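Dumped run.cif below, it's mmCIF, C-alpha atoms and all ligand atoms:
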data_entry
loop_
_atom_site.label_atom_id
_atom_site.label_comp_id
_atom_site.auth_asym_id
_atom_site.auth_seq_id
_atom_site.Cartn_x
_atom_site.Cartn_y
_atom_site.Cartn_z
CA MET A 1 -0.91 -36.31 7.10
CA HIS A 2 2.31 -35.80 5.15
CA LYS A 3 5.71 -35.98 6.78
CA SER A 4 8.11 -33.10 6.37
CA SER A 5 10.17 -33.64 3.24
CA THR A 6 13.19 -32.66 5.29
CA LEU A 7 12.65 -35.95 7.13
CA ALA A 8 11.59 -38.21 4.27
CA VAL A 9 12.69 -37.88 0.64
CA PRO A 10 9.67 -37.73 -1.66
CA GLU A 11 9.74 -39.56 -4.96
CA HIS A 12 11.06 -37.36 -7.77
CA SER A 13 8.89 -37.72 -10.83
CA GLY A 14 8.83 -35.49 -13.90
CA VAL A 15 5.78 -33.54 -12.81
CA PRO A 16 5.70 -31.85 -9.41
CA ARG A 17 3.15 -33.38 -7.11
CA HIS A 18 2.69 -30.00 -5.45
CA LEU A 19 3.24 -26.75 -7.35
CA ALA A 20 3.13 -23.41 -5.51
CA ILE A 21 2.98 -20.14 -7.45
CA ILE A 22 3.39 -16.47 -6.57
CA MET A 23 1.28 -14.82 -9.25
CA ASP A 24 3.14 -11.53 -9.57
CA GLY A 25 3.31 -8.77 -12.15
CA ASN A 26 -0.36 -7.91 -12.70
CA GLY A 27 0.20 -4.22 -11.96
CA ARG A 28 3.23 -3.89 -14.22
CA TRP A 29 1.45 -5.78 -17.02
CA ALA A 30 -1.30 -3.15 -16.90
CA THR A 31 0.98 -0.13 -16.45
CA GLN A 32 2.97 -1.19 -19.50
CA ARG A 33 -0.27 -0.94 -21.49
CA PHE A 34 -1.30 2.41 -19.96
CA LEU A 35 -4.15 0.65 -18.16
CA PRO A 36 -5.08 0.91 -14.46
CA ARG A 37 -3.38 -1.74 -12.30
CA THR A 38 -6.78 -3.28 -11.67
CA ALA A 39 -6.99 -4.27 -15.35
CA GLY A 40 -3.97 -6.48 -14.73
CA HIS A 41 -5.72 -8.22 -11.86
CA MET A 42 -8.80 -8.85 -13.99
CA ARG A 43 -6.64 -10.27 -16.76
CA GLY A 44 -4.79 -12.37 -14.18
CA VAL A 45 -7.94 -14.40 -13.52
CA GLN A 46 -7.70 -15.81 -17.06
CA ALA A 47 -4.18 -16.99 -16.33
CA VAL A 48 -5.45 -18.74 -13.20
CA ARG A 49 -8.00 -20.62 -15.32
CA ARG A 50 -5.30 -21.61 -17.83
CA VAL A 51 -2.92 -22.82 -15.17
CA VAL A 52 -5.56 -24.81 -13.25
CA GLU A 53 -6.61 -26.63 -16.42
CA ALA A 54 -3.05 -27.29 -17.57
CA CYS A 55 -1.96 -28.55 -14.15
CA GLY A 56 -4.98 -30.86 -13.99
CA ARG A 57 -4.09 -32.31 -17.40
CA ARG A 58 -0.43 -32.77 -16.49
CA GLY A 59 -1.20 -34.67 -13.32
CA VAL A 60 -0.21 -32.09 -10.71
CA HIS A 61 -2.08 -33.13 -7.58
CA TYR A 62 -1.77 -29.96 -5.49
CA LEU A 63 -1.67 -26.44 -6.88
CA THR A 64 -1.31 -23.56 -4.43
CA LEU A 65 -1.67 -19.98 -5.66
CA PHE A 66 -0.76 -16.85 -3.72
CA ALA A 67 -3.59 -14.40 -4.44
CA PHE A 68 -3.40 -11.85 -1.61
CA SER A 69 -0.77 -11.52 1.08
CA SER A 70 -1.29 -10.30 4.61
CA GLU A 71 0.82 -7.30 3.53
CA ASN A 72 -1.31 -6.46 0.48
CA TRP A 73 -3.80 -4.55 2.70
CA ARG A 74 -1.17 -1.81 2.56
CA ARG A 75 -2.12 -1.09 -1.05
CA PRO A 76 -4.42 1.78 -2.06
CA GLN A 77 -7.93 1.11 -0.81
CA GLU A 78 -9.33 1.16 -4.35
CA GLU A 79 -7.05 -1.65 -5.44
CA VAL A 80 -7.82 -3.73 -2.34
CA SER A 81 -11.58 -3.32 -2.93
CA LEU A 82 -11.24 -4.37 -6.57
CA LEU A 83 -9.27 -7.45 -5.54
CA MET A 84 -11.96 -8.40 -3.02
CA ARG A 85 -14.71 -7.91 -5.60
CA LEU A 86 -12.78 -10.00 -8.10
CA PHE A 87 -12.41 -12.72 -5.51
CA VAL A 88 -16.18 -12.74 -4.90
CA GLN A 89 -17.02 -12.71 -8.63
CA THR A 90 -14.55 -15.47 -9.44
CA LEU A 91 -15.87 -17.69 -6.67
CA GLU A 92 -19.44 -17.10 -7.83
CA LYS A 93 -18.58 -17.85 -11.46
CA GLU A 94 -15.99 -20.59 -11.39
CA VAL A 95 -16.99 -23.09 -8.71
CA GLY A 96 -19.31 -25.02 -11.07
CA LYS A 97 -16.51 -25.42 -13.59
CA LEU A 98 -14.07 -26.49 -10.89
CA CYS A 99 -16.51 -29.23 -9.88
CA GLU A 100 -16.72 -30.48 -13.48
CA GLN A 101 -12.93 -30.69 -13.55
CA GLY A 102 -12.80 -32.63 -10.29
CA VAL A 103 -11.05 -29.78 -8.48
CA ARG A 104 -11.20 -29.49 -4.72
CA LEU A 105 -10.91 -25.87 -3.64
CA ARG A 106 -9.50 -24.65 -0.35
CA ILE A 107 -8.68 -21.17 0.84
CA VAL A 108 -5.85 -20.74 3.33
CA GLY A 109 -5.16 -17.55 5.23
CA ASP A 110 -6.79 -15.40 7.87
CA ILE A 111 -10.21 -15.23 6.23
CA ALA A 112 -11.85 -13.72 9.33
CA ALA A 113 -10.64 -10.36 8.00
CA PHE A 114 -12.86 -10.65 4.91
CA GLU A 115 -16.40 -9.32 4.70
CA PRO A 116 -19.03 -11.87 5.82
CA ARG A 117 -20.37 -12.40 2.28
CA LEU A 118 -16.94 -13.44 1.03
CA GLN A 119 -16.40 -15.70 4.03
CA GLU A 120 -19.72 -17.38 3.32
CA LEU A 121 -18.85 -17.85 -0.38
CA ILE A 122 -15.53 -19.41 0.62
CA ARG A 123 -17.24 -21.79 3.02
CA LYS A 124 -19.79 -22.84 0.40
CA ALA A 125 -17.20 -23.29 -2.35
CA GLU A 126 -15.06 -25.46 -0.11
CA GLU A 127 -18.07 -27.51 0.88
CA ARG A 128 -19.29 -27.90 -2.71
CA THR A 129 -15.94 -29.18 -3.95
CA ALA A 130 -15.03 -31.22 -0.86
CA GLN A 131 -15.58 -34.61 -2.54
CA ASN A 132 -13.30 -33.86 -5.52
CA ASP A 133 -9.84 -35.34 -5.69
CA ALA A 134 -8.38 -34.85 -9.19
CA LEU A 135 -6.61 -31.59 -8.31
CA HIS A 136 -6.40 -29.89 -4.94
CA LEU A 137 -6.43 -26.17 -5.68
CA THR A 138 -5.54 -23.93 -2.75
CA ILE A 139 -5.80 -20.16 -2.87
CA ALA A 140 -3.71 -18.34 -0.29
CA ALA A 141 -5.68 -15.21 0.59
CA ASN A 142 -4.78 -12.84 3.41
CA TYR A 143 -2.04 -15.38 3.90
CA GLY A 144 1.40 -14.83 5.36
CA GLY A 145 3.98 -17.47 6.18
CA ARG A 146 4.69 -15.87 9.55
CA TRP A 147 0.99 -15.72 10.35
CA ASP A 148 0.75 -19.41 9.47
CA ILE A 149 3.54 -20.46 11.83
CA LEU A 150 2.13 -18.32 14.63
CA GLN A 151 -1.45 -19.55 14.25
CA ALA A 152 -0.13 -23.13 14.19
CA MET A 153 1.81 -22.51 17.42
CA GLN A 154 -1.24 -20.98 19.07
CA ARG A 155 -3.54 -23.83 18.07
CA MET A 156 -1.00 -26.46 19.04
CA VAL A 157 -0.54 -25.01 22.52
CA ALA A 158 -4.29 -24.58 22.98
CA ALA A 159 -4.85 -28.24 22.06
CA GLN A 160 -1.91 -29.53 24.11
CA PRO A 161 -1.30 -27.14 27.04
CA ALA A 162 1.18 -29.64 28.54
CA LEU A 163 3.65 -28.56 25.85
CA LEU A 164 4.06 -25.25 27.65
CA ALA A 165 5.55 -27.02 30.64
CA ASP A 166 7.75 -29.15 28.38
CA PRO A 167 8.71 -27.02 25.33
CA LYS A 168 11.23 -29.65 24.23
CA GLY A 169 8.21 -31.70 23.19
CA ILE A 170 7.62 -29.15 20.43
CA ASP A 171 9.20 -30.57 17.30
CA GLU A 172 8.42 -30.51 13.58
CA GLU A 173 6.03 -33.40 13.86
CA ALA A 174 4.13 -31.74 16.70
CA LEU A 175 3.73 -28.44 14.86
CA THR A 176 3.10 -29.40 11.23
CA PRO A 177 -0.44 -30.77 11.72
CA TYR A 178 -1.51 -27.25 12.71
CA LEU A 179 -0.03 -25.46 9.70
CA SER A 180 -2.67 -24.43 7.20
CA MET A 181 -1.22 -26.64 4.43
CA ALA A 182 -1.12 -29.75 6.65
CA PHE A 183 -3.32 -31.63 4.17
CA ALA A 184 -0.70 -31.43 1.40
CA PRO A 185 2.87 -32.60 0.91
CA GLU A 186 5.40 -29.77 0.83
CA PRO A 187 5.70 -28.03 -2.57
CA ASP A 188 8.12 -29.71 -4.98
CA LEU A 189 8.27 -26.72 -7.29
CA PHE A 190 7.75 -23.01 -6.65
CA ILE A 191 7.25 -20.55 -9.48
CA ARG A 192 7.28 -16.77 -9.14
CA THR A 193 6.30 -14.73 -12.17
CA GLY A 194 7.05 -11.03 -12.65
CA GLY A 195 10.84 -11.13 -12.26
CA GLU A 196 11.27 -10.60 -8.51
CA GLN A 197 13.35 -13.24 -6.77
CA ARG A 198 11.89 -13.35 -3.28
CA ILE A 199 9.39 -15.33 -1.24
CA SER A 200 7.36 -12.32 0.03
CA ASN A 201 6.15 -14.18 3.13
CA PHE A 202 4.55 -17.03 1.16
CA LEU A 203 4.89 -20.60 2.49
CA ILE A 204 8.09 -19.92 4.42
CA TRP A 205 7.98 -23.13 6.45
CA GLN A 206 6.89 -25.42 3.63
CA LEU A 207 9.35 -24.11 0.99
CA ALA A 208 12.40 -25.27 2.97
CA TYR A 209 13.45 -27.80 0.29
CA THR A 210 11.35 -26.71 -2.67
CA GLU A 211 12.95 -26.09 -6.07
CA LEU A 212 12.64 -22.34 -6.78
CA TYR A 213 11.94 -21.12 -10.32
CA PHE A 214 11.71 -17.48 -11.31
CA THR A 215 10.47 -16.08 -14.60
CA GLU A 216 10.29 -12.53 -15.95
CA ARG A 217 6.86 -13.22 -17.49
CA TYR A 218 4.08 -11.13 -15.95
CA TRP A 219 1.30 -13.24 -14.48
CA PRO A 220 -1.45 -12.23 -16.99
CA ASP A 221 0.83 -13.47 -19.81
CA PHE A 222 1.85 -16.70 -18.08
CA ASN A 223 0.85 -19.53 -20.41
CA ILE A 224 1.03 -23.27 -20.94
CA GLN A 225 4.45 -23.07 -22.66
CA ASP A 226 5.74 -21.26 -19.58
CA ILE A 227 4.46 -24.03 -17.31
CA ASP A 228 6.08 -26.64 -19.49
CA ALA A 229 9.37 -24.72 -19.44
CA ALA A 230 9.25 -24.65 -15.64
CA PHE A 231 8.50 -28.39 -15.48
CA GLU A 232 11.34 -29.07 -17.94
CA TRP A 233 13.73 -27.16 -15.65
CA TYR A 234 12.32 -29.01 -12.63
CA ARG A 235 13.10 -32.37 -14.26
CA THR A 236 16.79 -31.43 -14.43
CA ARG A 237 17.05 -30.76 -10.69
CA GLU A 238 18.65 -33.26 -8.36
CA ARG A 239 16.83 -33.04 -5.04
CA ARG A 240 19.28 -34.06 -2.35
CA PHE A 241 17.66 -32.98 0.91
CA GLY A 242 21.06 -32.69 2.55
CA ARG A 243 22.42 -35.95 1.19
CA THR A 244 25.15 -36.43 -1.44
CA SER A 245 24.71 -37.23 -5.14
CA ALA A 246 26.40 -40.59 -4.64
CA GLN A 247 24.00 -41.51 -1.87
CA LEU A 248 21.05 -40.74 -4.11
CA ALA A 249 22.49 -42.72 -7.03
CA GLY A 250 23.28 -45.73 -4.90
CA GLY A 251 20.16 -45.51 -2.82
CA VAL A 252 22.36 -45.62 0.31
C1 LIG A 301 0.25 -9.70 -8.04
O1 LIG A 301 0.52 -8.67 -8.93
C2 LIG A 301 -1.17 -9.68 -7.52
C3 LIG A 301 -1.30 -9.32 -6.12
C4 LIG A 301 -0.32 -9.07 -5.30
C5 LIG A 301 -2.63 -9.23 -5.60
P1 LIG A 301 0.96 -7.23 -8.41
O2 LIG A 301 -0.27 -6.42 -8.21
O3 LIG A 301 1.86 -7.34 -7.25
O4 LIG A 301 1.74 -6.68 -9.69
P2 LIG A 301 3.09 -5.84 -9.67
O5 LIG A 301 4.10 -6.64 -8.92
O6 LIG A 301 2.79 -4.54 -9.00
O7 LIG A 301 3.41 -5.68 -11.11
C1 LIG A 302 3.33 -11.30 -3.44
O1 LIG A 302 3.41 -10.27 -4.36
C2 LIG A 302 1.91 -11.56 -3.06
C3 LIG A 302 1.05 -12.06 -4.12
C4 LIG A 302 1.35 -12.34 -5.36
C5 LIG A 302 -0.30 -12.28 -3.70
P1 LIG A 302 3.72 -8.76 -3.93
O2 LIG A 302 3.73 -7.99 -5.20
O3 LIG A 302 2.80 -8.32 -2.87
O4 LIG A 302 5.18 -8.89 -3.33
P2 LIG A 302 6.30 -7.78 -3.08
O5 LIG A 302 5.64 -6.65 -2.34
O6 LIG A 302 6.78 -7.33 -4.43
O7 LIG A 302 7.36 -8.47 -2.31
MG MG A 303 3.88 -7.50 -7.06
#
Show me, as structure tokens, the structure contained in the file I just sent.
Amino acid sequence: MHKSSTLAVPEHSGVPRHLAIIMDGNGRWATQRFLPRTAGHMRGVQAVRRVVEACGRRGVHYLTLFAFSSENWRRPQEEVSLLMRLFVQTLEKEVGKLCEQGVRLRIVGDIAAFEPRLQELIRKAEERTAQNDALHLTIAANYGGRWDILQAMQRMVAAQPALLADPKGIDEEALTPYLSMAFAPEPDLFIRTGGEQRISNFLIWQLAYTELYFTERYWPDFNIQDIDAAFEWYRTRERRFGRTSAQLAGGV
């Protein structure tokens, strides 16, 4: 279990230990080319492959990708269906390759909303890759940061009903084991492609002290040079976690 980075300062190395990405801009990438938005999503899968491989090679240990938000159900039904089909196809096709690369796959989010076949594929893929440790790849699907905090609260209270009588016992350490990313340290670096500068209900709890990087590049075009540019920027950041520069320099 990892402690909240707001309590303990993680080591700052050149490569983020945990990288979290909002893969945005698929629709605009396609529209710009007079293609249906769905073409952008299909092309986006190639970028996922590129990024997973590059992160593995660069020594990123946790990579978390936002694939479908709890709000994305509001999109036209056609687009939602295509995204679900793409999810199924990608799981069917890619899990073997992930295993070869030593990637452990997890899906976080409210997967009960997915059709049973997809739920079963998710379960199998997680099981098949469970022994891998080179890169922990997490796909956030039907995920929302608010959902995550609420489900954590609910599970915590169900497991420890005494907390209801003594709510002061609820602190960060009590809650974090129930959050869906409890297995990972908090993200060191966040990247959002597609030009928007917002969190869109991604890991709202876990991003409290994450370095935030935004790029105009649409997700299907996001490439290895773009990752390296983000890592280069990350290296220049001084992560203070509330402390002063002098404290960090002097180790006081
Ligand atoms: C991100 O790209 C993929 C998902 C949200 C599933 P978008 O589909 O949001 O692309 P834009 O933002 O409309 O260009
Ligand atoms: C965030 O992108 C969700 C994913 C990339 C999966 P959106 O495109 O849904 O975000 P908004 O609506 O522009 O905030
Ligand atoms: Mg978008």
Let me make sure I understand: among A:Arg239, A:His12, A:Arg28, A:Arg49, which one has the smallest atom-to-atom distance to Leu65 in chain A if we use only C-alpha atoms? A:Arg49
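CA of Cys99 in chain A is found 28.0 Å from CA of Ala229 in chain A.
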Sort by chain and increasing residue number a table of all residues of range 134-174 of chain A within 12 Å of range 74-91 of chain A, each with its closest pair of atoms and their distance in Å to one decimal, counting only C-alpha atoms, and write it as a Markdown table.
| residue | atom | partner | partner_atom | distance |
| --- | --- | --- | --- | --- |
| A:Ile139 | CA | A:Phe87 | CA | 10.3 |
| A:Ala140 | CA | A:Phe87 | CA | 11.6 |
| A:Ala141 | CA | A:Phe87 | CA | 9.4 |
| A:Asn142 | CA | A:Met84 | CA | 10.6 |
Take the residues that were just selected and, keeping C-alpha atoms, output them as a PDB file, in the frame of the given file.
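What landed in selection_24.pdb:
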ATOM      1  CA  ILE A 139      -5.800 -20.160  -2.870  1.00  0.00           C
ATOM      2  CA  ALA A 140      -3.710 -18.340  -0.290  1.00  0.00           C
ATOM      3  CA  ALA A 141      -5.680 -15.210   0.590  1.00  0.00           C
ATOM      4  CA  ASN A 142      -4.780 -12.840   3.410  1.00  0.00           C
TER       5      ASN A 142
END
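The spacing separating CA of Phe190 in chain A from CA of Ala249 in chain A amounts to 24.6 Å.
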Quote the spacing between CA of Ala174 in chain A and CA of Glu186 in chain A in Å to one decimal place. 16.0 Å
Need the shell around range 115-126 of chain A: protein/DNA/RNA residues with any atom at most 7 Å away, counting only C-alpha atoms. Skip same-chain ones fewer than 3 positions apart. Format as a PDB file with C-alpha atoms, in the coordinates of the input?
ATOM      1  CA  VAL A  88     -16.180 -12.740  -4.900  1.00  0.00           C
ATOM      2  CA  LEU A  91     -15.870 -17.690  -6.670  1.00  0.00           C
ATOM      3  CA  VAL A  95     -16.990 -23.090  -8.710  1.00  0.00           C
ATOM      4  CA  LEU A 105     -10.910 -25.870  -3.640  1.00  0.00           C
ATOM      5  CA  ARG A 106      -9.500 -24.650  -0.350  1.00  0.00           C
ATOM      6  CA  ILE A 111     -10.210 -15.230   6.230  1.00  0.00           C
ATOM      7  CA  THR A 129     -15.940 -29.180  -3.950  1.00  0.00           C
ATOM      8  CA  ALA A 130     -15.030 -31.220  -0.860  1.00  0.00           C
TER       9      ALA A 130
END
Taking all atoms listed in the file into account, report as a ChimeraX atom specification which residues have an atom no farther than 8 Å from an atom of ligand LIG 302 (chain A). /A:22-25,66-69,71-72,140-141,196,198-202
Please determine, counting only C-alpha atoms and all ligand atoms, which residue among A:Gly96, A:Pro167, A:Gly40, A:Gly250 has the shortest atom-to-atom distance to ligand MG 303 (chain A). A:Gly40
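Among the candidates A:Met181, A:Phe241, A:Arg192, A:Leu248, the residue lying nearest to ligand MG 303 (chain A) is A:Arg192 (atoms considered: all atoms listed in the file).
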What lies within 12 Å of Leu212 in chain A using all atoms listed in the file, ignoring chain neighbours under 2 positions off, as a ChimeraX atom specification? /A:19-22,187-193,196-199,207-210,214-215,230-231,233-234,237,239
